[in-house]
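Heads up, start.cif below (mmCIF, C-alpha atoms):
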data_upload
loop_
_atom_site.label_atom_id
_atom_site.label_comp_id
_atom_site.auth_asym_id
_atom_site.auth_seq_id
_atom_site.Cartn_x
_atom_site.Cartn_y
_atom_site.Cartn_z
CA MET G 1 -1.92 -104.97 70.94
CA PRO G 2 -1.19 -106.53 67.51
CA LEU G 3 -0.91 -104.20 64.59
CA ASP G 4 -3.87 -103.67 62.33
CA GLN G 5 -3.40 -106.14 59.44
CA SER G 6 -5.69 -104.13 57.20
CA PHE G 7 -2.80 -101.68 56.71
CA VAL G 8 -0.91 -104.15 54.46
CA GLY G 9 -0.83 -102.82 50.91
CA ARG G 10 -1.83 -99.34 51.93
CA SER G 11 -0.12 -96.61 49.91
CA TYR G 12 0.42 -93.01 50.83
CA PRO G 13 0.43 -89.99 48.54
CA PRO G 14 3.81 -88.90 47.13
CA THR G 15 5.88 -86.53 49.23
CA GLU G 16 6.92 -83.05 48.21
CA PRO G 17 10.05 -83.27 46.03
CA TYR G 18 13.45 -83.60 47.72
CA GLU G 19 16.12 -81.83 45.70
CA VAL G 20 19.48 -83.59 45.77
CA GLY G 21 22.23 -81.00 46.16
CA ARG G 22 25.90 -81.28 45.25
CA GLU G 23 26.98 -79.90 48.61
CA LYS G 24 24.69 -82.30 50.50
CA ILE G 25 26.25 -85.21 48.66
CA ARG G 26 29.72 -83.85 49.49
CA GLU G 27 28.77 -83.52 53.17
CA PHE G 28 27.39 -87.05 53.25
CA ALA G 29 30.43 -88.54 51.49
CA GLN G 30 32.73 -86.77 53.96
CA ALA G 31 30.65 -88.03 56.88
CA ILE G 32 31.15 -91.63 55.77
CA GLY G 33 34.82 -90.93 55.04
CA ASP G 34 34.51 -91.78 51.34
CA ASP G 35 36.69 -89.72 49.03
CA ASN G 36 35.60 -91.31 45.74
CA PRO G 37 35.73 -88.28 43.39
CA VAL G 38 32.50 -89.32 41.65
CA TYR G 39 30.68 -87.90 44.72
CA THR G 40 32.35 -84.49 44.61
CA ASP G 41 33.87 -83.80 41.21
CA PRO G 42 31.46 -83.35 38.28
CA ALA G 43 34.27 -84.12 35.82
CA ALA G 44 34.97 -87.47 37.52
CA ALA G 45 31.24 -88.23 37.41
CA ARG G 46 31.03 -87.33 33.71
CA ALA G 47 33.97 -89.61 33.01
CA LEU G 48 31.78 -92.47 34.20
CA GLY G 49 28.85 -91.28 32.09
CA TYR G 50 26.85 -89.39 34.71
CA PRO G 51 25.57 -85.88 34.02
CA ASP G 52 26.58 -84.66 37.52
CA VAL G 53 27.99 -85.98 40.78
CA ILE G 54 26.21 -89.05 42.10
CA ALA G 55 25.32 -89.93 45.68
CA PRO G 56 26.65 -92.86 47.74
CA PRO G 57 24.32 -95.89 47.74
CA THR G 58 22.89 -95.36 51.22
CA PHE G 59 22.09 -91.69 50.54
CA VAL G 60 18.68 -92.99 49.39
CA PHE G 61 17.73 -93.40 53.05
CA LEU G 62 18.05 -89.68 53.60
CA VAL G 63 15.30 -89.19 51.04
CA SER G 64 13.12 -92.16 51.98
CA TYR G 65 13.11 -92.19 55.78
CA ARG G 66 10.97 -89.14 56.36
CA ALA G 67 8.18 -90.61 54.29
CA ALA G 68 8.57 -93.93 56.14
CA PHE G 69 8.48 -92.09 59.45
CA GLU G 70 5.20 -90.44 58.57
CA VAL G 71 3.70 -93.81 57.70
CA VAL G 72 4.75 -95.59 60.86
CA SER G 73 3.75 -92.75 63.14
CA ASP G 74 0.15 -92.93 61.92
CA PRO G 75 -1.66 -93.40 65.27
CA LYS G 76 -4.29 -95.63 63.64
CA LEU G 77 -1.58 -98.18 62.83
CA GLY G 78 -0.91 -98.65 66.55
CA LEU G 79 2.88 -98.96 66.46
CA ASP G 80 4.55 -98.02 69.74
CA TYR G 81 7.23 -95.80 68.37
CA SER G 82 9.19 -95.58 71.60
CA ARG G 83 10.06 -99.29 71.24
CA VAL G 84 10.92 -99.27 67.54
CA VAL G 85 14.30 -100.36 66.20
CA HIS G 86 15.46 -100.34 62.61
CA SER G 87 15.91 -104.01 61.85
CA ASP G 88 16.57 -104.38 58.11
CA GLN G 89 17.27 -102.06 55.21
CA LYS G 90 17.36 -102.83 51.51
CA PHE G 91 17.79 -100.71 48.42
CA ALA G 92 17.29 -101.43 44.74
CA TYR G 93 18.65 -98.96 42.22
CA VAL G 94 17.56 -98.21 38.68
CA ARG G 95 20.35 -95.63 38.60
CA PRO G 96 22.35 -93.78 41.26
CA LEU G 97 20.85 -90.63 42.75
CA ARG G 98 22.56 -87.52 41.42
CA ALA G 99 22.80 -83.81 42.04
CA GLY G 100 19.82 -81.99 40.60
CA ASP G 101 17.37 -84.86 41.08
CA ARG G 102 14.00 -83.77 42.39
CA LEU G 103 12.65 -86.91 44.04
CA THR G 104 9.23 -87.74 45.39
CA VAL G 105 8.70 -90.74 47.64
CA THR G 106 5.63 -92.94 47.50
CA SER G 107 5.35 -95.23 50.51
CA THR G 108 3.48 -98.52 50.75
CA ILE G 109 3.13 -100.79 53.76
CA GLU G 110 4.51 -104.08 52.47
CA SER G 111 3.96 -106.30 55.46
CA VAL G 112 2.73 -106.25 59.03
CA LYS G 113 3.39 -109.07 61.47
CA SER G 114 3.08 -109.61 65.17
CA LEU G 115 5.15 -112.39 66.68
CA LYS G 116 5.76 -113.10 70.37
CA GLY G 117 4.74 -109.60 71.27
CA ASN G 118 7.07 -108.03 68.69
CA ASP G 119 5.43 -105.97 65.98
CA MET G 120 7.18 -106.00 62.61
CA LEU G 121 6.49 -103.68 59.76
CA THR G 122 8.08 -103.22 56.35
CA VAL G 123 7.61 -100.00 54.42
CA ARG G 124 8.54 -99.72 50.75
CA GLY G 125 9.47 -96.27 49.51
CA GLU G 126 9.68 -95.67 45.77
CA LEU G 127 11.71 -92.68 44.64
CA HIS G 128 10.65 -91.10 41.37
CA ASP G 129 12.41 -88.28 39.57
CA GLU G 130 10.81 -85.21 38.01
CA THR G 131 10.05 -87.14 34.81
CA GLY G 132 8.13 -89.72 36.83
CA ALA G 133 10.76 -92.41 36.28
CA LEU G 134 11.53 -94.80 39.12
CA VAL G 135 15.09 -94.20 40.37
CA ALA G 136 15.38 -96.34 43.50
CA THR G 137 13.35 -98.35 45.98
CA ALA G 138 13.97 -98.54 49.73
CA HIS G 139 12.59 -101.32 51.93
CA THR G 140 12.71 -100.40 55.60
CA LYS G 141 11.85 -102.98 58.24
CA LEU G 142 11.06 -101.76 61.72
CA VAL G 143 10.47 -103.86 64.80
CA ALA G 144 8.66 -102.67 67.91
CA ARG G 145 9.96 -105.02 70.55
CA SER G 146 7.66 -106.37 73.23
CA ALA G 147 7.65 -104.21 76.32
CA ASP G 148 8.88 -106.97 78.65
CA GLU G 149 12.09 -107.61 76.75
CA ASP G 150 15.48 -106.26 77.73
CA ALA G 151 17.71 -103.89 75.84
CA PRO G 152 17.19 -103.63 72.10
CA ALA G 153 19.31 -106.13 70.20
CA GLY G 154 19.21 -104.22 66.96
CA GLU G 155 20.88 -100.94 66.45
CA GLY G 156 18.21 -99.37 68.58
CA GLU G 157 17.48 -96.37 66.46
CA ARG G 158 14.12 -95.03 65.43
CA MET W 1 40.64 -93.26 47.30
CA THR W 2 41.56 -94.01 43.73
CA GLY W 3 40.66 -92.83 40.28
CA THR W 4 37.23 -94.16 39.54
CA THR W 5 37.99 -95.45 36.08
CA ALA W 6 41.37 -96.90 36.98
CA HIS W 7 40.26 -100.27 38.22
CA ARG W 8 37.22 -101.68 36.53
CA VAL W 9 36.62 -105.26 37.63
CA ALA W 10 35.88 -107.59 34.74
CA TYR W 11 33.11 -110.15 35.15
CA ALA W 12 35.23 -112.78 33.40
CA GLU W 13 38.02 -112.32 35.93
CA VAL W 14 35.99 -113.10 39.04
CA GLY W 15 34.66 -116.41 40.24
CA VAL W 16 32.56 -117.64 43.12
CA GLY W 17 34.77 -117.19 46.16
CA THR W 18 36.74 -114.22 44.85
CA GLU W 19 37.58 -112.14 47.89
CA LEU W 20 37.27 -108.37 47.97
CA PRO W 21 39.97 -106.43 49.82
CA THR W 22 39.10 -106.31 53.53
CA ARG W 23 38.81 -102.87 55.11
CA THR W 24 38.78 -101.63 58.68
CA PHE W 25 36.80 -98.49 59.40
CA PRO W 26 37.52 -96.58 62.62
CA VAL W 27 34.68 -94.86 64.47
CA ASN W 28 34.65 -92.31 67.27
CA ARG W 29 32.19 -89.85 68.75
CA ALA W 30 33.25 -87.16 66.30
CA THR W 31 32.44 -89.52 63.42
CA LEU W 32 28.94 -90.00 64.79
CA VAL W 33 28.36 -86.27 65.26
CA ARG W 34 29.44 -85.71 61.67
CA TYR W 35 27.20 -88.50 60.41
CA ALA W 36 24.26 -87.24 62.47
CA GLY W 37 24.63 -83.83 60.85
CA ALA W 38 24.97 -85.16 57.33
CA SER W 39 22.19 -87.73 57.59
CA LEU W 40 19.90 -85.56 59.75
CA ASP W 41 19.50 -88.44 62.20
CA PHE W 42 19.79 -86.73 65.57
CA ASN W 43 18.56 -89.60 67.73
CA PRO W 44 20.41 -89.00 71.06
CA ILE W 45 21.40 -92.69 71.35
CA HIS W 46 24.11 -91.75 68.84
CA TRP W 47 25.64 -88.92 70.87
CA ASN W 48 24.34 -88.84 74.45
CA GLU W 49 25.63 -91.53 76.78
CA ARG W 50 23.10 -90.86 79.54
CA PHE W 51 20.21 -91.19 77.11
CA ALA W 52 21.64 -94.34 75.52
CA VAL W 53 22.13 -96.05 78.89
CA ASP W 54 18.65 -95.00 80.02
CA VAL W 55 17.09 -96.84 77.07
CA GLY W 56 19.09 -99.97 77.88
CA LEU W 57 22.11 -99.68 75.59
CA PRO W 58 25.64 -100.25 76.92
CA ASN W 59 26.76 -96.83 75.65
CA VAL W 60 26.38 -94.54 72.66
CA ILE W 61 26.03 -96.62 69.48
CA ALA W 62 26.80 -95.88 65.85
CA HIS W 63 23.95 -95.24 63.45
CA GLY W 64 23.05 -98.51 61.76
CA MET W 65 22.93 -96.60 58.50
CA PHE W 66 26.50 -95.44 59.12
CA THR W 67 27.65 -99.06 59.41
CA MET W 68 25.66 -99.91 56.29
CA ALA W 69 27.38 -97.04 54.45
CA GLN W 70 30.83 -98.24 55.53
CA ALA W 71 30.22 -101.85 54.53
CA ILE W 72 29.30 -101.07 50.92
CA ARG W 73 32.56 -99.14 50.49
CA VAL W 74 34.32 -102.48 50.21
CA VAL W 75 32.24 -103.00 47.06
CA THR W 76 32.34 -99.47 45.65
CA ASP W 77 36.10 -99.18 46.15
CA TRP W 78 36.49 -102.55 44.42
CA VAL W 79 34.43 -101.69 41.34
CA GLY W 80 35.27 -97.98 41.23
CA ASP W 81 31.83 -96.90 40.00
CA PRO W 82 29.31 -96.82 42.89
CA GLY W 83 26.56 -96.85 40.26
CA ALA W 84 27.46 -100.47 39.58
CA VAL W 85 25.64 -101.40 42.79
CA LEU W 86 22.15 -102.50 41.73
CA GLU W 87 20.87 -103.85 45.05
CA TYR W 88 22.10 -103.64 48.61
CA GLY W 89 20.53 -104.94 51.80
CA VAL W 90 21.50 -105.61 55.41
CA ARG W 91 20.05 -106.69 58.72
CA PHE W 92 21.20 -104.82 61.80
CA THR W 93 22.12 -107.59 64.21
CA LYS W 94 24.28 -105.94 66.89
CA PRO W 95 25.03 -102.32 67.66
CA VAL W 96 28.50 -100.83 67.21
CA VAL W 97 29.18 -99.43 70.67
CA VAL W 98 31.27 -96.25 70.62
CA PRO W 99 32.69 -95.25 74.01
CA ASP W 100 34.06 -91.82 74.83
CA VAL W 101 37.83 -92.28 74.58
CA PRO W 102 40.22 -89.60 75.83
CA ALA W 103 42.01 -87.71 73.08
CA GLY W 104 45.66 -88.38 72.40
CA PRO W 105 48.06 -85.81 70.96
CA GLU W 106 46.27 -86.07 67.58
CA GLY W 107 42.99 -84.83 69.04
CA LEU W 108 39.47 -86.18 69.40
CA GLU W 109 38.88 -86.76 65.71
CA ALA W 110 41.83 -89.18 65.54
CA VAL W 111 40.69 -91.38 68.42
CA VAL W 112 39.81 -94.97 67.51
CA ALA W 113 36.90 -95.75 69.83
CA ALA W 114 35.60 -98.68 67.79
CA GLU W 115 36.44 -100.45 64.56
CA ILE W 116 34.25 -102.08 61.95
CA GLU W 117 36.03 -104.72 59.90
CA VAL W 118 34.37 -105.42 56.58
CA GLY W 119 35.06 -108.25 54.20
CA GLY W 120 33.32 -109.39 51.06
CA ARG W 121 33.34 -112.29 48.64
CA VAL W 122 31.63 -113.10 45.40
CA ALA W 123 28.92 -115.58 46.37
CA VAL W 124 27.07 -116.08 43.08
CA LYS W 125 27.63 -115.17 39.45
CA LEU W 126 24.09 -114.19 38.65
CA ASP W 127 23.85 -113.36 34.97
CA ASP W 128 26.53 -113.78 32.28
CA GLU W 129 24.85 -111.32 29.93
CA LEU W 130 24.22 -108.57 32.47
CA ARG W 131 27.57 -109.41 34.12
CA THR W 132 26.04 -109.29 37.59
CA VAL W 133 27.35 -110.95 40.72
CA ARG W 134 26.14 -111.18 44.28
CA VAL W 135 28.69 -110.09 46.86
CA ASP W 136 28.18 -111.25 50.45
CA LEU W 137 29.59 -108.91 53.06
CA THR W 138 30.63 -109.43 56.65
CA ALA W 139 30.91 -106.59 59.14
CA VAL W 140 32.46 -107.36 62.50
CA HIS W 141 32.91 -105.18 65.56
CA ALA W 142 34.40 -106.49 68.81
CA GLU W 143 34.29 -110.03 67.40
CA GLN W 144 30.56 -109.86 66.76
CA LYS W 145 28.75 -109.63 63.47
CA VAL W 146 27.02 -106.28 63.38
CA LEU W 147 25.33 -106.91 60.03
CA GLY W 148 23.49 -110.00 58.89
CA LEU W 149 22.32 -110.94 55.39
CA ALA W 150 24.55 -108.18 54.04
CA ARG W 151 24.44 -108.61 50.30
CA ALA W 152 24.93 -106.51 47.22
CA VAL W 153 24.16 -107.19 43.59
CA VAL W 154 26.84 -105.58 41.45
CA ARG W 155 27.30 -105.15 37.70
CA LEU W 156 30.86 -105.74 36.56
CA ALA W 157 32.66 -104.68 33.42
#
What would the structure in this file look like if it were written as structure tokens?
Amino acid sequence: MPLDQSFVGRSYPPTEPYEVGREKIREFAQAIGDDNPVYTDPAAARALGYPDVIAPPTFVFLVSYRAAFEVVSDPKLGLDYSRVVHSDQKFAYVRPLRAGDRLTVTSTIESVKSLKGNDMLTVRGELHDETGALVATAHTKLVARSADEDAPAGEGER
Amino acid sequence: MTGTTAHRVAYAEVGVGTELPTRTFPVNRATLVRYAGASLDFNPIHWNERFAVDVGLPNVIAHGMFTMAQAIRVVTDWVGDPGAVLEYGVRFTKPVVVPDVPAGPEGLEAVVAAEIEVGGRVAVKLDDELRTVRVDLTAVHAEQKVLGLARAVVRLA
């Protein structure tokens, strides 16, 4: 069944704040094998003009995906979550995320399309800091592949 | 890697076609477990072979977001300051399949079960005043492109 087009443009209330921690950033940087000291050493971060350690670019997803998940699992939307793959991901940064940030995410359904039995959905998540300033935007495109197709061609997650 | 202030890349010194140093990133099951823990993405397709095969995958696959994180390192290592990345986007075109490879003398964490080779080149000089360029990235695993439309907008010195 095609997705409900009336969901395009729908926004969801901001999430509870996510607090970015120094040790979480360190863990994440280690997990991607990146030893850039700006992720772990506050002095190295200050040398580049940041008040504290910053997070790697894709760390944004850690903050945005839960909000996106809540949106796409809304039963009224009609997305078959068991068939969903993560198809595209984009980020735009006003500044890098940094330790001490308390970020809320406001999600909006940017587009909904159904093509050849595949349902496609893009969710925009805007991350705001405790002052209300926009810090970063995440665009997450998910595809629910038609049930009669073979193995997922995308990365197959979510 | 390197000191972050040691190698600022100057806008004036790059042109369309300037190549970024190519990098090869090894992946194994331990890498994926570590990434699952750090990213909180515990989807079993990234660590359980039986589950992955049951949903139609050839084997356990790397998190797409892991591959995305590796690819941008070619840019952040080049510019030094990761905050110079203003935009970054990818399409996940093929999965990075990560088989269970027996450990050698160095142990499981040293096994190379898969490799992601990432290259980048300056595709467009966007704005002379803001000193921004668009870098197009390629990420290849087993001779297949695993990312499509992989692009970053970067501010140079």
Residue nearest W:Phe66 - candidates W:Asp41, W:Asp136, W:Glu109, W:Asp100, atoms counted: all atoms listed in the file:
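Ranking W:Asp41, W:Asp136, W:Glu109, W:Asp100 by distance to W:Phe66, first place goes to W:Asp41.
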Give as an MDAnalysis selection string the residues that the PyMOL selection byres ((chain W and resi 69) around 9) matches when applied to the coordinates above.
(chainID G and resid 32 56:59) or (chainID W and resid 64:68 70:73)
Here's the selection I'm unsure about, the PyMOL selection byres ((chain W and resi 77) around 12); applied to the file above, which residues does it give, as a PyMOL selection string?
(chain G and resi 34-38+56) or (chain W and resi 1-9+20-23+70-76+78-85+120)
With the file shown as input, list the residues that the PyMOL selection byres ((chain W and resi 140) around 9) selects, as a ChimeraX atom specification.
/W:96,115-119,138-139,141-147
Top pick for closest residue to chain G, considering W:His63, W:Arg131, W:Arg50, W:Lys125 and counting all atoms listed in the file:
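Closest candidate: W:His63.
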Would you mind reading off the distance between atom CA of G:Arg145 and atom CA of G:Leu121, one decimal, in Å?
11.4 Å
Using only C-alpha atoms, select each residue of chain W with any atom at most 6 Å away from an atom of chain G, and give the selection as number ranges by chain.
W: 1, 34-35, 38, 56, 64, 69, 83, 86-95
How many Å separate atom CA of G:Ser111 from atom CA of G:Val8?
5.4 Å
Residue neighbourhood G:Arg102, 8 Å, all atoms listed in the file, exclusion window fewer than 2 positions, as a ChimeraX atom specification:
/G:17-20,100,104,129-130
Suppose we keep C-alpha atoms; can you now write the selection as a short mmCIF file (atom, residue, chain, number, x, y, z; two decimals), keeping the file's coordinate frame?
data_model
loop_
_atom_site.label_atom_id
_atom_site.label_comp_id
_atom_site.auth_asym_id
_atom_site.auth_seq_id
_atom_site.Cartn_x
_atom_site.Cartn_y
_atom_site.Cartn_z
CA PRO G 17 10.05 -83.27 46.03
CA TYR G 18 13.45 -83.60 47.72
CA GLU G 19 16.12 -81.83 45.70
CA VAL G 20 19.48 -83.59 45.77
CA GLY G 100 19.82 -81.99 40.60
CA THR G 104 9.23 -87.74 45.39
CA ASP G 129 12.41 -88.28 39.57
CA GLU G 130 10.81 -85.21 38.01
#
Atom CA of W:Leu57 to atom CA of W:Phe42, distance in Å rounded to a single decimal:
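Atom CA of W:Phe42 lies at a distance of 16.5 Å from atom CA of W:Leu57.
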W:Val16 environment, 9 Å, all atoms listed in the file, sequence neighbours closer than 4 positions dropped, as a list in words
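Surrounding residues, per the criterion: Arg121, Val122, Ala123, Val124, Lys125 and Val133 of chain W.
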What does the file look like for those residues with C-alpha atoms, as a PDB file, in the coordinates of the input?
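Result saved to result_37.pdb:
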ATOM      1  CA  ARG W 121      33.340-112.290  48.640  1.00  0.00           C
ATOM      2  CA  VAL W 122      31.630-113.100  45.400  1.00  0.00           C
ATOM      3  CA  ALA W 123      28.920-115.580  46.370  1.00  0.00           C
ATOM      4  CA  VAL W 124      27.070-116.080  43.080  1.00  0.00           C
ATOM      5  CA  LYS W 125      27.630-115.170  39.450  1.00  0.00           C
ATOM      6  CA  VAL W 133      27.350-110.950  40.720  1.00  0.00           C
TER       7      VAL W 133
END
Between G:Leu3, G:Val123, G:Val53, G:Val135, single out the one closest to G:Ala68, counting only C-alpha atoms.
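Of all the options, G:Val123 lies closest to G:Ala68.
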Looking at only C-alpha atoms, which of G:Ser146, G:Ser73, G:Thr106, G:Thr40 is the one that sits closest to G:Glu16?
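Of all the options, G:Thr106 lies closest to G:Glu16.
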Would you mind telling me which residue in G:Ala43, G:Val84, G:Asp52, G:Gly9 lies nearest to G:Arg98 when using all atoms listed in the file?
G:Asp52
